[in-house]
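Asker: Could you have a look at this structure, given as structure tokens, before my questions?
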Amino acid sequence: MRTKLPSAEKYMTAHFTTGMELLCAVSGGLDSMCLLDFVVRWAEGREISVVAAHFHHGLRGALADRDEAFVQNDCAQRGIPFVSARGNAQAVAREEGLSVEEAARRLRYAFLEETAAKRHSAAILTAHHADDNAETMLLNLCRGTGSAGLGIPAVRGNIYRPFLELTRNQLADYAAARELLHVEDETNDEDVAARNLLRHKVLPILREINPKAAQNMARSAGLLAAEDALLDELAERLLEGAELSEHRAVLPWEVLWAAPEALRGRAVLGLMEKVCGRRRDLSAIHARAVLLLGEGRVYSLPYGLLARNNGETLELYKASPMPQPVPLLRGQPVKFGNWRVLLGGEGPPKSVSYRLCVPGPLEVTLWDRGDRMELPGSRGARTLKRLFADAGIPPDTRDRLPVLRMGARPVAAPYLGVDLEFSAGTSGEWITFYTEDIEGETL
């Protein structure tokens with residue numbers, strides 16, 4: 001059984017030097033306990049300090065408590081500094097519409113990043129290995145990823161993975177030779193998660209075809225990563241023709257269409273990253289949708305990012321925060337995003353006004369998918385979404401329009417008019433909608 005890990009030692013020596021602190025992500029499982037033991041032994045005599053970081057996801061009840069206590073006790077016995085935190089992955093999954101696995105991953109990495117920043121740690125180390133890399137490659141192939149998603153990067157930002165060339169069996173041999181204790185996550189034995197299905201049923205078949213399947217896939221991932229970096233560099237050069245400002249970027253379509261197809265999507269992703277400041281959760285699917293965007297159309301992207309086809313240019317920009325509901329009182333104009341709404345009185349020139357009867361208290365809100373209005377002269381009630389579409393209102397404008405509401409009922413909206421039930425013909429009070437630019441000129 002191996003007691004040394006040459007490829008990992010070479011990796012560590014290439015990336016780290018004296019005077020650093022390294023933060024090891026430690027779950028208590030075999031892989032992460034090997035990582036902690038290996039890094040502590042490698043750091044001896046190099047004036048490098050090692051800290052163990054454990055995150056409790058709020059899942060698995062007492063078993064997760066056991067894992068946390070195990071890592072803490074092991075670190076205490078060996079004199080290794082230990083830090084931990086807890087979260088609620090299920091609550092985050094519900095709130096953000098994520099899978100529990102993805103919510104747990106986000107919480108865990110947020111904890112690691114925050115801890116590294118507070119402690120001024122030089123790097124975060126994780127125990128991902130060749131089998132993990134192979135599983136990720138297969139999962140992403142099933143999802144239709146590009147080369148950027150084929151494999152786990154050996155380095156991403158301040159996150160380092162020294163075990164990517166090692167298999168799970170090699171780590172098991174190391175743990176046995178060092179007599180390392182660990183805990184088992186029982187959910188790893190369940191075939192519910194896609195990754196577990198690959199681990200238990202697909203990879204064993206691949207190993208029958210070639211015992212070194214995982215290592216070969218890891219090698220392929222490394223080659224693809226190098227090629228991917230080169231393509232990203234070429235795509236970045238395309239963006240030299242972009243007009244960049246805070247939260248906005250504009251690029252001529254001719255620049256994109258003159259480039260090879262392999263670079264267009266990368267250039268769009270790079271442009272998105274420049275506007276919103278991050279790349280995670282921005283994928284080739286988003287880039288493809290932007291490239292297919294019809295003239296005059298707008299497409300919503302993650303992080304409040306919007307893409308607009310202006311004809312000759314592609315524009316990417318951050319949407320301003322959505323306005324919150326506000327009560328409307330007679331004679332007192334209210335601000336709603338870029339709009340002003342006035343009940344009673346006379347509005348400025350170029351405003352849009354309608355007459356209505358006011359039987360109760362009103363407020364100004366955004367439209368809702370369940371909203372319906374029946375306009376005078378129509379053949380019954382229709383959804384606001386359909387009415388806005390018929391009026392030629394694009395989605396990015398529609399989603400920020402003020403809707404006058406009485407309780408749950410929409411009463412009036414700019415470009416549409418007043419619901420038949422609240423219409424007052426030539427009598428009643430005026431409701432006025434208008435917008436202003438930064439100089440106060442009515443648009």
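As shown in the structure tokens, the chain order sets the letters A, B, ...; within each chain, residues go from 1, and ligands are also counted from 1 in the order they appear.
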Please, which residues of stretch 96-305 of chain A, numbered as in this document, come out strand (DSSP E or B) from DSSP, as a ChimeraX atom specification?
Answerer: /A:123-125,155-156,159-160,243-245,248-252,298-301,305
Asker: Rank nothing, just name the residue among A:His128, A:Arg279, A:Arg105, A:Arg398 nearest to A:His57, using only C-alpha atoms.
Answerer: A:Arg105
Asker: Compare A:Asn210, A:Asn88, A:Ser32, A:Gln332 by their minimum atom-to-atom distance to A:His182, counting only C-alpha atoms, and give me the closest one.
Answerer: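 The closest residue to A:His182 is A:Ser32.
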Asker: Which parts of stretch 234-279 of chain A does DSSP call alpha helix (DSSP H) when run on the backbone here, written out as a ChimeraX atom specification?
Answerer: /A:234-238,253-258,261-276
Asker: If we count only C-alpha atoms and set the cut-off at 8 Å, which residues sit around stretch 215-225 of chain A, ignoring sequence neighbours fewer than 5 positions away in its own chain? Please answer as a list in words.
Answerer: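 Contacts, with the query itself left out: Ala130, Asp131, Asn133, Ala134, Met137, Ser147, Ala148, Leu150, Gly151, Ile152, Pro153, Leu164, Glu165, Leu166 and Thr167 of chain A.
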Asker: Can those selected residues be exported to a file as a PDB file, in the first residue's frame so that it contains C-alpha atoms?
Answerer:
ATOM      1  CA  ALA A 130      -9.842  11.399 -10.396  1.00  0.00           C
ATOM      2  CA  ASP A 131     -13.082   9.461  -9.800  1.00  0.00           C
ATOM      3  CA  ASN A 133     -13.484  14.218 -12.042  1.00  0.00           C
ATOM      4  CA  ALA A 134     -14.769  11.331 -14.146  1.00  0.00           C
ATOM      5  CA  MET A 137     -17.309  14.751 -16.848  1.00  0.00           C
ATOM      6  CA  SER A 147     -15.391  21.711 -23.069  1.00  0.00           C
ATOM      7  CA  ALA A 148     -15.338  24.163 -20.136  1.00  0.00           C
ATOM      8  CA  LEU A 150     -15.709  18.598 -18.884  1.00  0.00           C
ATOM      9  CA  GLY A 151     -13.938  17.991 -15.626  1.00  0.00           C
ATOM     10  CA  ILE A 152     -13.061  19.721 -12.384  1.00  0.00           C
ATOM     11  CA  PRO A 153     -10.363  22.408 -12.699  1.00  0.00           C
ATOM     12  CA  LEU A 164      -7.147  15.174  -9.120  1.00  0.00           C
ATOM     13  CA  GLU A 165      -4.654  12.636 -10.537  1.00  0.00           C
ATOM     14  CA  LEU A 166      -5.359  10.105  -7.768  1.00  0.00           C
ATOM     15  CA  THR A 167      -8.148   7.528  -7.727  1.00  0.00           C
TER      16      THR A 167
END
Asker: A:Pro211, A:Pro252, A:Gly270, A:Gly29: which is nearest A:Ala172, counting only C-alpha atoms?
Answerer: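 The answer is A:Gly29, which sits nearest to A:Ala172.
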